[in-house]
Structures are given as structure tokens and as C-alpha cells.
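Below is one structure; the comments refer to it alone.
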Amino acid sequence: MHNDFIQALLSQDQSHLHPKLEGDTVENAVRFQVYQNNLVVSLQDALADIFPITQKLVGETFFRAMAREFLLQHPPTSPIISEYGANFSDFIRHFEPAQSVGFLPDVASLEYQLLQLTHAAEVETLDHQSISTTFEKTQDPSQLVLELTPNCQLLHAPFAVGSLILANQRDVSSNHININESEYILLHKSFLYARLSVISFDQACFIKALQEGVTLANAVPESEGFDLGGSLAKLIEWKLIRNIALQPD
Amino acid sequence: MTNSLLNETQAKQEAPCSASCFASHSGVSLKPVYYQTILEHRPAIGFFEIHAENYLSQGGPAAYFLRQIRQEYDMTIHGVGLSIGGENPLDIEHLNKVAQLVEEIQPAYFSEHLAWSTHDHHFYNDLLPIRYNKDSLDRVCQHIDQVQTRMKRPILMENPSTYLAFADNDFSETDFIREMVKRTGCDLLLDINNVEVSCFNQGRQAIEYLEGFPLEAVKQIHLAGHTLDDNPIVPLKIDSHDDAVSQDVWSLYQYTLQRLGDCPTLIERDGNLPELVELIAEAEFADRIRRAVKQGGSVDA
């Protein structure tokens, strides 16, 4: 019986359901519409909460129409609604009416990753003082290994979606952004919330090397313009360093 | 304005809530927009109720503020995703997550719905109606047994709000609920707004429904607002939770307390959220009715 109910919910085909209901068919169609409406509106609202900037970029009417198509084809697979929409970005990529906004799937993907990071368990990291102390006490700090928190993710986006999201979060103009420029983006956590920072290619190489567990000396990119002091200061400001140790011999 | 009103509210009840607040003072739904206000002003309120499924993350603001607020207030946990009325077996992974939350938070009660929301691995984010026949009673009872065994406590089951009815039922809704209580030893959450909504939609008398309801098993009451869909084919009341409790629901509430005796009560609100102080005022109105009924009187609701 629940199969018939679901089929009627997701399509307009209520033919299998109506014989199982008490009362008049015309009335029951109106009654059943309440359940259809609840499903569609509640999930449209949920997607709007999860992807607020995606919605802002295309407008509410377009977003809700796109969300409706998505939710009818891909209903949630878990009762934890904040996890809904993992494949929304892929859906947008193939959604014909959204093809003119080529960067939209990347915005949606980034929004989803930010929300999931917000919900990830907080991990304790070292404060400025203890990092300074370790550096001062170490004879050759270049041999230190900086262990980064698992709550940091490095991304290379084909569009300037990091800058676009930051401009929208801060409610400032995005006119200056060249959306077709690729960007390196770091997702990290500030207290309870995920944040994103647009970083340079060199900084991305440096952080990637640290994530792989090499020493500071080996993590520094060969590029002449790399600012080690400034990059370390950012790691401290973003609270990315979980532990510091000398590489074991 | 919010702050000064909250201070007034606090001034009215100078004694801080004791551990028995859930039993003695009505509560309200906990929503993220209220976190800061609650922690800054510590309003006098009986308890807060959360939806389990909104608090299963390992980190982030929901996990953090839940534990901060729990240190100061009684709580109840309301599940919206176990799909106890479903035809498929319960999702064990999800049940385990909810049970772990219940074990940690130690709510006064954990409640769920006489409804279904999951089918063939998909979750439909609504409380869908069940047929009241013997097969469905067996399934519901087996699922309740499974949840109570996992949680090592009796749970409360909530009467549904419905918009249509199935043919070939073996039981009335209240007989089904009575049998479910007898077989599983579960207790009940009586949602009086759901009674009003379902009875209006099914062309029945709310008072008659309450007469048939096993009130002796009721451990908590929900009050909420509904909206009227005044369409020309069949007007329907929609259980929207996005407005203040309506006059007819307050009247039914008083009627219920006169038969049931005092009962912990929640003002349930999920949408169109007002300032917290407005929900607290509704909880205080519920408390006025509770006090009046205890003294053998009534309030002009």
C-alpha cells in the first residue's frame, strides 16, 4: 500500500491509491494534495537553507523550480535533512535550464561542503602561544612537522566561486570578480562554523605538503615569492595546526 | 524590545526553575534563532523540546548549543524520522544515532509519531498516514518494541494529523492507539492540535475523539497552530505549526485537562517563528489553564 502512496506522491498518478481510500475521489485528490505539497515545499525550503547563495544567484523562482525537479527525482535517503543534497551539484550540472550559468554547480558543491564541515566534530588545535614556544625551543625549526587539523580541505575550483561566495556572504558587490578565473580555496573551521579562504597557488602547495606530513623545509614551495612567515601566520590565524613535532630520525 | 519583555517575564517568576520544571511548567520548541537569547537571558520556562534529527551532527552550532542549553533546562526529544508506521524494517543505523542522543541528553521523554516517512530507503520528510488494520498494528507494535528495547525506556507515541482516511480499516484511530498501548506498554503524547485538525478534516467531533482516547496513558501534551485551506471542494485544516495556538485548541486543551488532570505541555512551533517571548507567553497561558483546572476552575480560553 505504501508503494501506491509513494508512486502517487512522486508522480501525478493516483490511480492505484484512490481505490484504497475512503470517500469521494475528487475530494480525495484535494486531500492528497496536502501530502504532495508538504513533501515538495518542505524539501524546497530545506534545499534553500542548504544552498542559500545558489538560490540568491539564480533567484527564488528559478531555484524552487529546479529544486522541485531534483527532489522528485532524488528524494532524501536519510532523515537527517541537513545532509540532503549531496548530489544537487551534479543534478544542476545536467539541468538544461541552468546551463547558461556554468559556475552554478561549483557554487552548490562548495556550499554543501561548507555546511558538512560546519557539522563535523570540532578538533582542538594549538594556540599562538604554544606554537611560538615550540618554534623558539627548537634548534632547527625547518625540521618541524606541522600536523594540520582534519577540518581543513583544499580545493581547486575551475571558477572564482570562492570569491563569489565570500562577496555574497558579506553582501558586497561581486562586479569586480572575474568568474572565469580558477581559484585555490581552503575550507577551515572557526569555532563552530566552516569558513572559506581564497589562497594563492604557493599557499595551496605549502598546505598540501603539510597535509602529507613532510617537514617545514620540504613543504616550502620553490617559488621565490613565497612568504613563509605570512603563510605560517595564516595557519595560526585559521587555527589549522593540531600538533608540532620534530620529524623522528 | 525582546530583551525588556524577557526581563519582565523573568521578573514575574523570580524563582529559578527547579529540576521538576518539566512536570510543573510548560515548555516551547527549541530553534536555532533562540539559542543566543536563551543563554543570555535564561528565561523562566519549563523545558525545551528538540527534533532529534536536527541534533545528530558531531559538531557545529546545533551540537554545541544543545549541550549548553541542556545544562540549564529540562528537555524532551521528539523524533520525526524513525518511521514507526513504515512497511519496511526500521533503519537500525538511524535508530542507533537517535538512541545515543537520548542516552546522552537524558530527556524527560522521547516521543515519535503514529505515522511513516521512509519507504524503500527514501525519506519523504512528512508524517504520512497509516491504515488502521491488524497488519499495520502488528508492524507498529513490533517497531515500538524495537525502539523501547534499544532505548531501554518506554517512549511516547503521538496521535497523527490526517487529511484522508483509508477504506477497510479494522479499528478506529483511538481503538488502534488503545490496542497499541496495551500491547507495547508505550505511553502517549496527545497532540490536541492534531485532534482538532484530523477531526475537522474527517468530519468528526473532537470531543468524541477525546472521549475515546486512552487518556490514562498520556504523559505529555502538544499545542500548536494550524491554518485553514478554504478550498471550494473540501475545506481542510493544515497542521502547519506556523501560527499561535488557536482558540478552539485552547478550549479543547482545557476540556482535556479537566478529564485527564494536570499534564506537561509543549507549545510547538516550527515555522514563521516569532520572538521567543511570544512563545513563552503562550506557555504561560497554558500554565494559567493548568493552575485553574487544578483548583477546579477554568480560564476563559
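In the C-alpha cells, the first chain shown is A, the next is B, and so on; residue numbers restart at 1 for each chain, and ligands run from 1 in the order shown.
For Gln58 (chain B), the non-local neighbours within 10 Å, defined as residues at least 2 positions apart in the same chain or in other chains and counting only C-alpha atoms, are Thr118, His119, Ala120, Ala121 and Glu122 of chain A; Tyr55, Leu56, Gly60, Pro61, Ala62, Ala63 and Tyr64 of chain B.
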Write out, as a CSV table (one decimal), in the first residue's frame, the residues just selected, with N, CA and C atoms.
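Dumped to result-v3.csv:
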```csv
chain,number,residue,atom,x,y,z
A,118,THR,N,30.8,22.5,8.8
A,118,THR,CA,30.2,23.1,10.0
A,118,THR,C,29.7,22.0,10.9
A,119,HIS,N,29.1,21.0,10.4
A,119,HIS,CA,28.5,19.9,11.2
A,119,HIS,C,29.5,18.9,11.7
A,120,ALA,N,30.8,19.0,11.2
A,120,ALA,CA,31.8,18.0,11.6
A,120,ALA,C,32.2,18.3,13.0
A,121,ALA,N,32.7,17.3,13.7
A,121,ALA,CA,33.1,17.5,15.1
A,121,ALA,C,34.3,18.5,15.1
A,122,GLU,N,34.3,19.4,16.1
A,122,GLU,CA,35.4,20.3,16.3
A,122,GLU,C,36.6,19.5,16.8
B,55,TYR,N,19.7,17.3,15.5
B,55,TYR,CA,20.8,17.3,16.5
B,55,TYR,C,21.6,16.1,16.5
B,56,LEU,N,21.8,15.5,15.3
B,56,LEU,CA,22.6,14.3,15.3
B,56,LEU,C,24.0,14.5,14.7
B,60,GLY,N,29.5,21.6,15.2
B,60,GLY,CA,28.7,22.7,14.7
B,60,GLY,C,27.8,23.3,15.8
B,61,PRO,N,27.0,24.4,15.4
B,61,PRO,CA,26.2,25.1,16.4
B,61,PRO,C,25.1,24.3,17.1
B,62,ALA,N,24.5,23.4,16.3
B,62,ALA,CA,23.4,22.6,16.9
B,62,ALA,C,23.9,21.8,18.1
B,63,ALA,N,25.0,21.0,17.8
B,63,ALA,CA,25.6,20.2,18.8
B,63,ALA,C,26.0,21.0,20.0
B,64,TYR,N,26.7,22.1,19.8
B,64,TYR,CA,27.2,22.9,20.9
B,64,TYR,C,26.1,23.6,21.7
```
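By only C-alpha atoms, and with residues fewer than 6 positions from Leu240 (chain A) along its chain excluded, the set lying at most 12 Å from it is Glu122, Val123, Glu124, Thr125, Leu126, Asp127, His128, Ile131, Leu146, Glu147, Leu148, Thr149, Pro150, Asn151, Cys152, Gln153, Leu186, Leu187, His188, Lys189, Ser190, Phe191, Ile207, Leu210, Gln211, Ser231, Leu232, Ala233 and Lys234 of chain A.
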Now that the selection is made, can you save its residues with C-alpha atoms as a PDB file, in the first residue's frame?
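For reference, part_31.pdb as written:
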```
ATOM      1  CA  GLU A 122      35.372  20.308  16.302  1.00  0.00           C
ATOM      2  CA  VAL A 123      39.040  19.357  16.700  1.00  0.00           C
ATOM      3  CA  GLU A 124      41.284  21.062  19.217  1.00  0.00           C
ATOM      4  CA  THR A 125      44.207  22.944  17.695  1.00  0.00           C
ATOM      5  CA  LEU A 126      47.257  24.701  19.124  1.00  0.00           C
ATOM      6  CA  ASP A 127      47.092  28.334  20.128  1.00  0.00           C
ATOM      7  CA  HIS A 128      49.502  31.028  19.033  1.00  0.00           C
ATOM      8  CA  ILE A 131      53.233  27.320  18.620  1.00  0.00           C
ATOM      9  CA  LEU A 146      53.210  20.608  11.439  1.00  0.00           C
ATOM     10  CA  GLU A 147      50.224  18.307  11.744  1.00  0.00           C
ATOM     11  CA  LEU A 148      47.134  20.046  10.341  1.00  0.00           C
ATOM     12  CA  THR A 149      43.597  19.559  11.608  1.00  0.00           C
ATOM     13  CA  PRO A 150      41.421  17.147   9.588  1.00  0.00           C
ATOM     14  CA  ASN A 151      38.899  20.033   9.491  1.00  0.00           C
ATOM     15  CA  CYS A 152      40.676  21.720   6.594  1.00  0.00           C
ATOM     16  CA  GLN A 153      40.030  20.954   2.968  1.00  0.00           C
ATOM     17  CA  LEU A 186      40.805  26.433   1.712  1.00  0.00           C
ATOM     18  CA  LEU A 187      37.855  25.356   3.867  1.00  0.00           C
ATOM     19  CA  HIS A 188      38.521  25.531   7.588  1.00  0.00           C
ATOM     20  CA  LYS A 189      36.593  25.859  10.797  1.00  0.00           C
ATOM     21  CA  SER A 190      36.359  28.901  13.022  1.00  0.00           C
ATOM     22  CA  PHE A 191      34.889  27.809  16.376  1.00  0.00           C
ATOM     23  CA  ILE A 207      49.338  23.349   2.839  1.00  0.00           C
ATOM     24  CA  LEU A 210      51.988  19.831   5.255  1.00  0.00           C
ATOM     25  CA  GLN A 211      48.890  17.632   4.955  1.00  0.00           C
ATOM     26  CA  SER A 231      51.736  31.782   5.380  1.00  0.00           C
ATOM     27  CA  LEU A 232      52.583  30.450   8.834  1.00  0.00           C
ATOM     28  CA  ALA A 233      50.750  33.405  10.357  1.00  0.00           C
ATOM     29  CA  LYS A 234      47.662  32.429   8.333  1.00  0.00           C
TER      30      LYS A 234
END
```
Report the closest atom pair, with its distance in Å rounded to one decimal, for each residue of chain A that has an atom no farther than 7 Å from chain B; count only C-alpha atoms, sort by chain and then rising residue number, and write it as CSV.
```
residue,atom,partner,partner_atom,distance
A:Lys20,CA,B:Ala167,CA,5.6
A:Leu21,CA,B:Phe166,CA,4.2
A:Glu22,CA,B:Ala167,CA,4.5
A:Glu27,CA,B:Val234,CA,6.1
A:Asn28,CA,B:Leu164,CA,6.8
A:Arg31,CA,B:Tyr163,CA,5.5
A:Asn38,CA,B:Asp126,CA,6.6
A:Leu39,CA,B:Asn125,CA,6.2
A:Pro75,CA,B:His122,CA,6.2
A:Pro76,CA,B:Phe123,CA,5.2
A:Thr77,CA,B:His122,CA,4.4
A:Ser78,CA,B:Phe123,CA,5.8
A:Pro79,CA,B:Gly81,CA,5.2
A:Ile80,CA,B:Glu53,CA,5.3
A:Thr118,CA,B:Gly60,CA,5.0
A:His119,CA,B:Gly60,CA,4.5
A:Ala120,CA,B:Gly59,CA,4.8
A:Ala121,CA,B:Gly59,CA,3.9
A:Glu122,CA,B:Gly59,CA,5.7
A:Leu192,CA,B:Gly60,CA,4.5
A:Tyr193,CA,B:Gly60,CA,6.1
```
Exercise. Got a sec: who's within 7 Å of Leu216 (chain A), counting only C-alpha atoms, leaving out chain neighbours fewer than 2 positions off, as a ChimeraX atom specification?
Worked result: /A:142-145,214,218-220
For this session: Could you give me, as number ranges by chain, the residues within 12 Å of Pro221 (chain A), counting only C-alpha atoms and dropping anything in the same chain fewer than 4 positions from it?
Result: A: 200-210, 215-217, 225-228, 231
For this session: Might you pull out every residue within 12 Å of Pro52 (chain A), with only C-alpha atoms counted and same-chain residues fewer than 6 positions away left off, and present them as a PyMOL selection string?
Result: chain A and resi 44-46+58-60+63-64+107-108+110-112+114-115+165+168-169
Selection export as a compact mmCIF listing (two decimals), in the first residue's frame, atoms kept: C-alpha atoms:
```txt
# COMPACT_ATOMS: atom_id res chain seq x y z
CA GLN A 44 12.36 23.11 -1.33
CA ASP A 45 12.74 25.03 1.95
CA ALA A 46 15.42 22.60 3.13
CA VAL A 58 19.52 32.37 -9.78
CA GLY A 59 16.57 33.89 -7.90
CA GLU A 60 13.93 32.19 -5.78
CA PHE A 63 15.73 27.86 -7.67
CA ARG A 64 12.44 26.44 -6.39
CA VAL A 107 28.87 27.17 -6.10
CA ALA A 108 26.41 24.48 -4.94
CA LEU A 110 31.15 24.49 -2.25
CA GLU A 111 28.07 25.46 -0.21
CA TYR A 112 27.38 21.80 0.52
CA LEU A 114 30.90 24.22 3.88
CA LEU A 115 27.73 23.03 5.61
CA ILE A 165 30.58 33.15 -2.16
CA ASN A 168 27.63 37.14 -1.20
CA GLN A 169 28.24 36.20 2.43
```
For this session: Enumerate as number ranges by chain all residues of region 13-247 of chain A assigned to strand (DSSP E) by DSSP on the backbone, naming them with the chain letters and numbers the document uses.
Result: A: 144-148, 153-157, 183-190, 193-199, 241-246
Could you dump the residues just selected with N, CA and C atoms as an mmCIF file, in the first residue's frame?
```
data_model
loop_
_atom_site.group_PDB
_atom_site.id
_atom_site.type_symbol
_atom_site.label_atom_id
_atom_site.label_comp_id
_atom_site.auth_asym_id
_atom_site.auth_seq_id
_atom_site.Cartn_x
_atom_site.Cartn_y
_atom_site.Cartn_z
ATOM 1 N N LEU A 144 60.748 20.813 11.720
ATOM 2 C CA LEU A 144 59.479 20.518 12.408
ATOM 3 C C LEU A 144 58.439 20.001 11.413
ATOM 4 N N VAL A 145 57.588 19.108 11.913
ATOM 5 C CA VAL A 145 56.448 18.642 11.108
ATOM 6 C C VAL A 145 55.183 19.234 11.731
ATOM 7 N N LEU A 146 54.441 19.974 10.943
ATOM 8 C CA LEU A 146 53.210 20.608 11.439
ATOM 9 C C LEU A 146 52.012 19.732 11.051
ATOM 10 N N GLU A 147 51.402 19.141 12.052
ATOM 11 C CA GLU A 147 50.224 18.307 11.744
ATOM 12 C C GLU A 147 48.989 19.207 11.658
ATOM 13 N N LEU A 148 48.305 19.179 10.520
ATOM 14 C CA LEU A 148 47.134 20.046 10.341
ATOM 15 C C LEU A 148 45.851 19.325 10.780
ATOM 16 N N GLN A 153 40.106 21.587 4.284
ATOM 17 C CA GLN A 153 40.030 20.954 2.968
ATOM 18 C C GLN A 153 40.514 21.927 1.908
ATOM 19 N N LEU A 154 41.341 21.386 1.026
ATOM 20 C CA LEU A 154 41.933 22.183 -0.038
ATOM 21 C C LEU A 154 41.200 21.886 -1.339
ATOM 22 N N LEU A 155 40.790 22.931 -2.055
ATOM 23 C CA LEU A 155 40.053 22.713 -3.298
ATOM 24 C C LEU A 155 40.651 23.556 -4.417
ATOM 25 N N HIS A 156 40.569 23.039 -5.625
ATOM 26 C CA HIS A 156 40.927 23.835 -6.800
ATOM 27 C C HIS A 156 39.666 23.948 -7.637
ATOM 28 N N ALA A 157 39.088 25.157 -7.676
ATOM 29 C CA ALA A 157 37.819 25.344 -8.387
ATOM 30 C C ALA A 157 38.106 25.940 -9.766
ATOM 31 N N GLU A 183 40.447 29.144 -8.977
ATOM 32 C CA GLU A 183 40.871 29.583 -7.636
ATOM 33 C C GLU A 183 41.287 28.393 -6.781
ATOM 34 N N TYR A 184 42.248 28.645 -5.893
ATOM 35 C CA TYR A 184 42.543 27.681 -4.834
ATOM 36 C C TYR A 184 41.790 28.142 -3.586
ATOM 37 N N ILE A 185 41.118 27.200 -2.969
ATOM 38 C CA ILE A 185 40.239 27.558 -1.845
ATOM 39 C C ILE A 185 40.561 26.646 -0.664
ATOM 40 N N LEU A 186 40.618 27.232 0.510
ATOM 41 C CA LEU A 186 40.805 26.433 1.712
ATOM 42 C C LEU A 186 39.543 26.530 2.562
ATOM 43 N N LEU A 187 38.980 25.371 2.928
ATOM 44 C CA LEU A 187 37.855 25.356 3.867
ATOM 45 C C LEU A 187 38.420 25.022 5.238
ATOM 46 N N HIS A 188 38.035 25.789 6.233
ATOM 47 C CA HIS A 188 38.521 25.531 7.588
ATOM 48 C C HIS A 188 37.426 25.902 8.561
ATOM 49 N N LYS A 189 37.660 25.643 9.829
ATOM 50 C CA LYS A 189 36.593 25.859 10.797
ATOM 51 C C LYS A 189 36.992 26.921 11.808
ATOM 52 N N SER A 190 36.101 27.883 12.029
ATOM 53 C CA SER A 190 36.359 28.901 13.022
ATOM 54 C C SER A 190 35.326 28.713 14.124
ATOM 55 N N TYR A 193 31.773 27.148 13.062
ATOM 56 C CA TYR A 193 31.318 27.322 11.677
ATOM 57 C C TYR A 193 32.449 27.147 10.671
ATOM 58 N N ALA A 194 32.119 26.551 9.514
ATOM 59 C CA ALA A 194 33.099 26.436 8.435
ATOM 60 C C ALA A 194 33.262 27.792 7.763
ATOM 61 N N ARG A 195 34.498 28.104 7.373
ATOM 62 C CA ARG A 195 34.795 29.346 6.656
ATOM 63 C C ARG A 195 35.579 28.970 5.405
ATOM 64 N N LEU A 196 35.595 29.860 4.434
ATOM 65 C CA LEU A 196 36.461 29.599 3.284
ATOM 66 C C LEU A 196 37.413 30.760 3.097
ATOM 67 N N SER A 197 38.611 30.430 2.613
ATOM 68 C CA SER A 197 39.587 31.470 2.282
ATOM 69 C C SER A 197 40.123 31.165 0.893
ATOM 70 N N VAL A 198 40.228 32.210 0.075
ATOM 71 C CA VAL A 198 40.837 32.056 -1.243
ATOM 72 C C VAL A 198 42.339 32.237 -1.041
ATOM 73 N N ILE A 199 43.116 31.262 -1.493
ATOM 74 C CA ILE A 199 44.563 31.299 -1.233
ATOM 75 C C ILE A 199 45.326 31.238 -2.561
ATOM 76 N N ILE A 241 46.731 24.283 12.980
ATOM 77 C CA ILE A 241 47.821 23.404 13.439
ATOM 78 C C ILE A 241 47.388 22.618 14.677
ATOM 79 N N ARG A 242 47.378 21.325 14.510
ATOM 80 C CA ARG A 242 46.899 20.450 15.581
ATOM 81 C C ARG A 242 48.042 19.994 16.483
ATOM 82 N N ASN A 243 49.211 19.835 15.885
ATOM 83 C CA ASN A 243 50.347 19.361 16.664
ATOM 84 C C ASN A 243 51.639 19.733 15.931
ATOM 85 N N ILE A 244 52.726 19.906 16.706
ATOM 86 C CA ILE A 244 54.036 20.169 16.088
ATOM 87 C C ILE A 244 55.045 19.214 16.717
ATOM 88 N N ALA A 245 55.821 18.573 15.880
ATOM 89 C CA ALA A 245 56.832 17.668 16.420
ATOM 90 C C ALA A 245 58.025 17.651 15.480
ATOM 91 N N LEU A 246 59.163 17.274 16.037
ATOM 92 C CA LEU A 246 60.343 17.089 15.185
ATOM 93 C C LEU A 246 60.158 15.766 14.449
#
```
Problem set entry | Distance criterion (only C-alpha atoms): nearest to Tyr253 (chain B) out of B:Glu208, B:Asp74, B:Asp191, B:Glu275 | B:Asp191
Exercise. When DSSP works through the backbone of this structure, what residues of region 47-184 of chain B end up as alpha helix (DSSP H), shown as a PyMOL selection string?
Worked result: chain B and resi 60-70+92-105+134-151+173-184
